[in-house]
Structure formats: C-alpha cells, structure tokens
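Undergrad: The structure's right below; bear with me while I get my questions together.
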Amino acid sequence: MEPMIFYFSGTGNSRWVAQQIAALTGDTVQDITALKAPPALAGEQRVGLVFPIYAWGAPEPVRAFAKALRPGGAFTFGVCTCGSEAGLAMKKLPLPLDSCYSLVMPNNYIIGSEPDDPDTIRRKLRTAREEIARLAGEVLAGQKVYRVTEGAKAGLKSGPVHWGFEHFARTTRPFQVTDACNGCGRCAQHCPAGTITLTEGKPIWGKQCYQCRRCINECPQQAIQYGDATRNRKRYTIDPWLKELED
Ligand SMILES: Cc1cc2nc3c(=O)[nH]c(=O)nc-3n(C[C@H](O)[C@H](O)[C@H](O)COP(=O)(O)O)c2cc1C
Ligand code: SF4
Ligand code: SF4
C-alpha cells in the first residue's frame, strides 16, 4: 500500500494542505469522512494526518480516527491548520506522532468574526505554501520535528475551554435558512456529519454536528445563518482563492 495522508476539512484549507504535501511526497490522500473506519495498514513507510483546529483541539471525527488508527512501524506526522494558534491539540491527539506541525491558514470561524481580508488570505496561503515545501522535505527525510504555534495559555485553552466547546458549543439550534434558499441540496449532500436533510426543499439540521462550518460557508445563495452573528458577515472557502494562487 502507498504511503497515505488522511485528512478532515470543513472549508478546504486542510484538504488543500494534504494535497500539496502529497504532491511533494508522492503519497495518496484520503478524506477520513469517506471511510467507515481506518484501513488496515501493512508496512507503510509513513502515515500523515491533516486537520483543522477547533477551539484549540482536534475535531471529534479526527480524534476518533486517530484513536482507531494502527500505524505499525510507519513514520507518523500530523499537520493542523488554524487561523492563528493550535494550543496543545497535537500533544493531546490519541496517536503517537513522530512529527507535528501547525500551519496558519485563513480563518473560517465566521461565527466569531469576519473572515480574514483578501490581503491576509493571500499572504497566509503564500506563506503556508512555503512552509509546506519545507515540511514535506523533512517528512521525506524522516526528520522528527515539532513546529507548532501553541499560543499563550495553551493548557487552559486546550483543556477547559476546549472541553466547553465540545459540551456546549456544538449545537445546531442556531442554524436558520432564509428565503434566499433555492433548495439546491448542496448543504445536505456535503455535510460531513450527514446531519442535514432536505424537507420540502429546505434544509433541516439534526443534532450531530462537527461545527466544521462547511454548510454556512459553502451555500451558493448565502441562505444559511447561525443566529444573528453571521447575518452581515462574508463567507470563506478556499476554492475561489486557489486559482489566483496557482497563476
Ligand atoms: C469551530 C471552529 C473553531 C475554531 N477554533 C480555532 C482555534 O482555536 N484556533 C485557531 O487558530 N483557529 C480556529 N479556527 C479556524 C480554523 O482552524 C481554520 O480556519 C482552519 O484552517 C479551517 O480548516 P478547513 O478549511 O480545513 O476546515 C476554528 C474554526 C472553527 C470552524
Ligand atoms: S446549499 Fe443553500 S440554497 Fe442550497 S439547499 Fe442548502 S441552504 Fe438552500
Ligand atoms: S451541519 Fe454544517 S457545520 Fe455541522 S457538520 Fe454539517 S456541514 Fe459541518
């Protein structure tokens, strides 16, 4: 089996990072939400895991995947993407990692603030691309590296604050759909938790939500709101920015 990079991504940052690393290392990429369980690994040279930071921790499906993964003797590396800081997320993953990295990427947490402005998005993507080239070289060489921007008060943020996020902030109750919805069904088809169903042409949210923010950021009609906070906010996904980056 070829070396593999597993990833989870809400709005495309971590998917792009996984693909960029794979293009340099010759690994294959696999979206973990398309798998029922981690595949049995037999004699892989290396295994990578790429994912976004949620409240200074790893998303629930990533933690579950990491716990179930049996990497054998493979060189293991993890890369998290975050708007600014990762806390102790990498140290708390239930998977021993030989190397850990964080990459600062555009912020998709539009519940808390506006997405980054265009110049900041461009700058973050260009800087991340340089860092990806550096880390891919280190991964290929099997170098053990810990290059993570933890930020201040990381123990507090990745401990009690992350616990609070997991227990109180993962509700779908504030999701609302406006009259701008045309019933295209994209939100239901793309929700990685499979929690959105279309009823009479309008999305209905179930309880299970990773808070990945894909539905609200990807809706082509900008018809999804999360309480009042997102009403006049812009949306963010990486895709419109990639063409420009490649030119
Ligand atoms: C629920 C949620 C919580 C977040 N918490 C953090 C955080 O604690 N620190 C941070 O720097 N960025 C945080 N972010 C920003 C994302 O980690 C960042 O934008 C990431 O690159 C998104 O990756 P994706 O496009 O692969 O989903 C958060 C985003 C979401 C949706
Ligand atoms: S993606 Fe937007 S427009 Fe399409 S069904 Fe969902 S809410 Fe409606
Ligand atoms: S409901 Fe929206 S935020 Fe929650 S998991 Fe699905 S796409 Fe992500």
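Residue names in the structure tokens use chain letters A, B, ... in the order shown, residue numbers from 1 in each chain, and ligand numbers from 1 in the order shown.
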Find the residues of chain A that sit at most 9 Å from ligand 3; for each, write down the nearest two atoms and how far apart they are in Å, to one decimal. Count only C-alpha atoms and all ligand atoms. Sort by chain, then by number going up, and give it as CSV.

TA:
```
residue,atom,partner,partner_atom_place_in_ligand_line,distance
A:Gly10,CA,ligand 3,8 (Fe),6.5
A:Arg170,CA,ligand 3,4 (Fe),8.1
A:Thr171,CA,ligand 3,4 (Fe),8.6
A:Thr172,CA,ligand 3,1 (S),6.8
A:Phe175,CA,ligand 3,1 (S),8.3
A:Cys187,CA,ligand 3,7 (S),6.6
A:Ala188,CA,ligand 3,7 (S),7.7
A:His190,CA,ligand 3,7 (S),6.6
A:Cys191,CA,ligand 3,7 (S),3.8
A:Pro192,CA,ligand 3,5 (S),5.5
A:Ala193,CA,ligand 3,5 (S),4.7
A:Gly194,CA,ligand 3,6 (Fe),6.4
A:Thr195,CA,ligand 3,6 (Fe),5.7
A:Ile196,CA,ligand 3,1 (S),6.0
A:Trp205,CA,ligand 3,1 (S),6.3
A:Gly206,CA,ligand 3,1 (S),7.7
A:Lys207,CA,ligand 3,1 (S),8.5
A:Gln208,CA,ligand 3,5 (S),7.1
A:Cys209,CA,ligand 3,4 (Fe),3.9
A:Tyr210,CA,ligand 3,5 (S),4.3
A:Gln211,CA,ligand 3,3 (S),4.0
A:Cys212,CA,ligand 3,8 (Fe),4.0
A:Arg213,CA,ligand 3,3 (S),3.9
A:Arg214,CA,ligand 3,7 (S),4.4
A:Cys215,CA,ligand 3,7 (S),4.1
A:Ile216,CA,ligand 3,2 (Fe),6.4
A:Asn217,CA,ligand 3,2 (Fe),8.8
A:Glu218,CA,ligand 3,7 (S),8.8
```

Undergrad: Enumerate as a PyMOL selection string the residues within 9 Å of ligand 2, counting only C-alpha atoms and all ligand atoms.

TA: chain A and resi 176-190+196+198+201-203+215-216+218-224

Undergrad: Run DSSP on the backbone and give me the residues of segment 10-224 of chain A it puts in strand (DSSP E), as a VMD selection string.

TA: chain A and resid 28 to 31 46 to 52 75 to 82 99 to 104 146 to 147 175 to 177 196 to 199 202 to 205 224

Undergrad: If we count only C-alpha atoms and set the cut-off at 8 Å, which residues sit around Phe65 of chain A, ignoring sequence neighbours fewer than 4 positions away in its own chain? Please answer as an mmCIF file with N, CA and C atoms, in the first residue's frame.

TA:
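Saved file out.cif follows:
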```cif
data_model
loop_
_atom_site.group_PDB
_atom_site.id
_atom_site.type_symbol
_atom_site.label_atom_id
_atom_site.label_comp_id
_atom_site.auth_asym_id
_atom_site.auth_seq_id
_atom_site.Cartn_x
_atom_site.Cartn_y
_atom_site.Cartn_z
ATOM 1 N N ILE A 32 -11.080 11.318 5.597
ATOM 2 C CA ILE A 32 -11.473 10.311 6.601
ATOM 3 C C ILE A 32 -12.995 10.188 6.718
ATOM 4 N N ALA A 37 -14.050 3.268 8.847
ATOM 5 C CA ALA A 37 -13.026 3.053 9.881
ATOM 6 C C ALA A 37 -11.662 3.176 9.214
ATOM 7 N N PRO A 38 -10.597 3.400 9.986
ATOM 8 C CA PRO A 38 -9.268 3.469 9.360
ATOM 9 C C PRO A 38 -8.943 2.152 8.657
ATOM 10 N N PRO A 61 -14.273 13.845 14.847
ATOM 11 C CA PRO A 61 -14.007 12.707 13.952
ATOM 12 C C PRO A 61 -12.517 12.432 13.776
ATOM 13 N N LEU A 69 -6.604 4.298 14.552
ATOM 14 C CA LEU A 69 -5.564 4.032 13.555
ATOM 15 C C LEU A 69 -4.424 3.219 14.165
#
```

Undergrad: May I ask which of the residues A:Ser84, A:Thr230, A:Gln19, A:Gln143 is the closest one to ligand 1, counting only C-alpha atoms and all ligand atoms?

TA: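 Selected residue with least distance to ligand 1: A:Ser84.
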
Undergrad: Quick one: which chain A residues come within 8 Å of ligand 1, and what is the nearest atom pair for each with the distance in Å to one decimal, counting only C-alpha atoms and all ligand atoms, rows ordered by chain and ascending number, as CSV?

TA:
```
residue,atom,partner,partner_atom_place_in_ligand_line,distance
A:Phe8,CA,ligand 1,26 (O),6.6
A:Ser9,CA,ligand 1,26 (O),3.5
A:Gly10,CA,ligand 1,27 (O),3.3
A:Thr11,CA,ligand 1,25 (O),3.5
A:Gly12,CA,ligand 1,25 (O),4.0
A:Asn13,CA,ligand 1,25 (O),3.6
A:Ser14,CA,ligand 1,26 (O),3.6
A:Arg15,CA,ligand 1,26 (O),5.9
A:Trp16,CA,ligand 1,26 (O),7.8
A:Phe51,CA,ligand 1,26 (O),6.0
A:Pro52,CA,ligand 1,23 (O),4.3
A:Ile53,CA,ligand 1,17 (O),3.9
A:Tyr54,CA,ligand 1,3 (C),3.4
A:Ala55,CA,ligand 1,8 (O),3.3
A:Trp56,CA,ligand 1,8 (O),3.8
A:Gly57,CA,ligand 1,8 (O),6.8
A:Cys80,CA,ligand 1,21 (O),7.7
A:Thr81,CA,ligand 1,21 (O),4.2
A:Cys82,CA,ligand 1,17 (O),3.6
A:Gly83,CA,ligand 1,11 (O),3.6
A:Ser84,CA,ligand 1,11 (O),3.6
A:Glu85,CA,ligand 1,11 (O),4.0
A:Ala86,CA,ligand 1,9 (N),5.4
A:Gly87,CA,ligand 1,8 (O),7.5
A:Leu103,CA,ligand 1,21 (O),7.9
A:Val104,CA,ligand 1,21 (O),7.0
A:Met105,CA,ligand 1,21 (O),4.8
A:Pro106,CA,ligand 1,19 (O),5.1
A:Asn107,CA,ligand 1,19 (O),3.5
A:Asn108,CA,ligand 1,19 (O),4.1
A:Tyr109,CA,ligand 1,29 (C),4.3
A:Ile110,CA,ligand 1,31 (C),7.6
A:Lys157,CA,ligand 1,8 (O),7.9
A:Tyr210,CA,ligand 1,1 (C),7.7
A:Gln211,CA,ligand 1,1 (C),5.0
A:Cys212,CA,ligand 1,31 (C),4.8
A:Arg213,CA,ligand 1,31 (C),5.2
A:Arg214,CA,ligand 1,27 (O),7.4
A:Thr237,CA,ligand 1,25 (O),6.7
A:Ile238,CA,ligand 1,25 (O),6.8
```

Undergrad: Just list as a ChimeraX atom specification whatever in segment 76-151 of chain A DSSP marks as alpha helix (DSSP H).

TA: /A:118-140

Undergrad: Take the selection from the previous step and output its residues with N, CA and C atoms, as a PDB file, in the first residue's frame.

TA:
```pdb
ATOM      1  N   PRO A 118      -8.940  40.012   2.092  1.00  0.00           N
ATOM      2  CA  PRO A 118      -8.273  39.376   0.946  1.00  0.00           C
ATOM      3  C   PRO A 118      -6.751  39.381   1.019  1.00  0.00           C
ATOM      4  N   ASP A 119      -6.140  40.484   1.454  1.00  0.00           N
ATOM      5  CA  ASP A 119      -4.671  40.525   1.506  1.00  0.00           C
ATOM      6  C   ASP A 119      -4.138  39.528   2.525  1.00  0.00           C
ATOM      7  N   THR A 120      -4.827  39.421   3.660  1.00  0.00           N
ATOM      8  CA  THR A 120      -4.394  38.462   4.685  1.00  0.00           C
ATOM      9  C   THR A 120      -4.549  37.035   4.173  1.00  0.00           C
ATOM     10  N   ILE A 121      -5.654  36.751   3.479  1.00  0.00           N
ATOM     11  CA  ILE A 121      -5.858  35.402   2.921  1.00  0.00           C
ATOM     12  C   ILE A 121      -4.714  35.063   1.960  1.00  0.00           C
ATOM     13  N   ARG A 122      -4.400  36.000   1.053  1.00  0.00           N
ATOM     14  CA  ARG A 122      -3.320  35.752   0.073  1.00  0.00           C
ATOM     15  C   ARG A 122      -1.995  35.518   0.785  1.00  0.00           C
ATOM     16  N   ARG A 123      -1.710  36.361   1.771  1.00  0.00           N
ATOM     17  CA  ARG A 123      -0.430  36.251   2.484  1.00  0.00           C
ATOM     18  C   ARG A 123      -0.350  34.907   3.219  1.00  0.00           C
ATOM     19  N   LYS A 124      -1.425  34.517   3.905  1.00  0.00           N
ATOM     20  CA  LYS A 124      -1.405  33.257   4.644  1.00  0.00           C
ATOM     21  C   LYS A 124      -1.204  32.069   3.699  1.00  0.00           C
ATOM     22  N   LEU A 125      -1.865  32.097   2.545  1.00  0.00           N
ATOM     23  CA  LEU A 125      -1.739  30.963   1.614  1.00  0.00           C
ATOM     24  C   LEU A 125      -0.335  30.882   1.027  1.00  0.00           C
ATOM     25  N   ARG A 126       0.252  32.026   0.696  1.00  0.00           N
ATOM     26  CA  ARG A 126       1.619  32.024   0.138  1.00  0.00           C
ATOM     27  C   ARG A 126       2.623  31.527   1.178  1.00  0.00           C
ATOM     28  N   THR A 127       2.461  32.004   2.428  1.00  0.00           N
ATOM     29  CA  THR A 127       3.383  31.587   3.500  1.00  0.00           C
ATOM     30  C   THR A 127       3.217  30.093   3.784  1.00  0.00           C
ATOM     31  N   ALA A 128       1.961  29.632   3.780  1.00  0.00           N
ATOM     32  CA  ALA A 128       1.715  28.207   4.038  1.00  0.00           C
ATOM     33  C   ALA A 128       2.354  27.345   2.950  1.00  0.00           C
ATOM     34  N   ARG A 129       2.282  27.823   1.719  1.00  0.00           N
ATOM     35  CA  ARG A 129       2.870  27.034   0.626  1.00  0.00           C
ATOM     36  C   ARG A 129       4.380  26.866   0.823  1.00  0.00           C
ATOM     37  N   GLU A 130       5.034  27.918   1.289  1.00  0.00           N
ATOM     38  CA  GLU A 130       6.484  27.815   1.556  1.00  0.00           C
ATOM     39  C   GLU A 130       6.752  26.840   2.696  1.00  0.00           C
ATOM     40  N   GLU A 131       5.942  26.934   3.740  1.00  0.00           N
ATOM     41  CA  GLU A 131       6.126  26.048   4.896  1.00  0.00           C
ATOM     42  C   GLU A 131       5.840  24.584   4.523  1.00  0.00           C
ATOM     43  N   ILE A 132       4.879  24.384   3.621  1.00  0.00           N
ATOM     44  CA  ILE A 132       4.562  23.018   3.166  1.00  0.00           C
ATOM     45  C   ILE A 132       5.772  22.409   2.451  1.00  0.00           C
ATOM     46  N   ALA A 133       6.437  23.213   1.617  1.00  0.00           N
ATOM     47  CA  ALA A 133       7.615  22.700   0.907  1.00  0.00           C
ATOM     48  C   ALA A 133       8.693  22.289   1.917  1.00  0.00           C
ATOM     49  N   ARG A 134       8.859  23.116   2.949  1.00  0.00           N
ATOM     50  CA  ARG A 134       9.878  22.811   3.971  1.00  0.00           C
ATOM     51  C   ARG A 134       9.519  21.542   4.739  1.00  0.00           C
ATOM     52  N   LEU A 135       8.258  21.459   5.175  1.00  0.00           N
ATOM     53  CA  LEU A 135       7.890  20.288   5.988  1.00  0.00           C
ATOM     54  C   LEU A 135       7.859  19.004   5.157  1.00  0.00           C
ATOM     55  N   ALA A 136       7.507  19.111   3.871  1.00  0.00           N
ATOM     56  CA  ALA A 136       7.497  17.906   3.025  1.00  0.00           C
ATOM     57  C   ALA A 136       8.909  17.339   2.908  1.00  0.00           C
ATOM     58  N   GLY A 137       9.901  18.229   2.811  1.00  0.00           N
ATOM     59  CA  GLY A 137      11.297  17.785   2.753  1.00  0.00           C
ATOM     60  C   GLY A 137      11.686  17.066   4.037  1.00  0.00           C
ATOM     61  N   GLU A 138      11.272  17.608   5.162  1.00  0.00           N
ATOM     62  CA  GLU A 138      11.595  16.991   6.460  1.00  0.00           C
ATOM     63  C   GLU A 138      10.905  15.639   6.611  1.00  0.00           C
ATOM     64  N   VAL A 139       9.655  15.573   6.143  1.00  0.00           N
ATOM     65  CA  VAL A 139       8.907  14.307   6.225  1.00  0.00           C
ATOM     66  C   VAL A 139       9.597  13.243   5.360  1.00  0.00           C
ATOM     67  N   LEU A 140       9.973  13.637   4.148  1.00  0.00           N
ATOM     68  CA  LEU A 140      10.652  12.677   3.259  1.00  0.00           C
ATOM     69  C   LEU A 140      11.959  12.175   3.871  1.00  0.00           C
TER      70      LEU A 140
END
```

Undergrad: Return the single residue from A:Arg70, A:Ala64, A:Phe6, A:Ile21 that is closest to Leu49 of chain A, with distances computed using only C-alpha atoms.

TA: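 Ranked by minimum distance to Leu49 of chain A, first place goes to A:Phe6.
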
Undergrad: Could you jot down the atom CA of Tyr236 of chain A to atom CA of Asp116 of chain A separation for me, Å, one decimal place?

TA: 8.5 Å
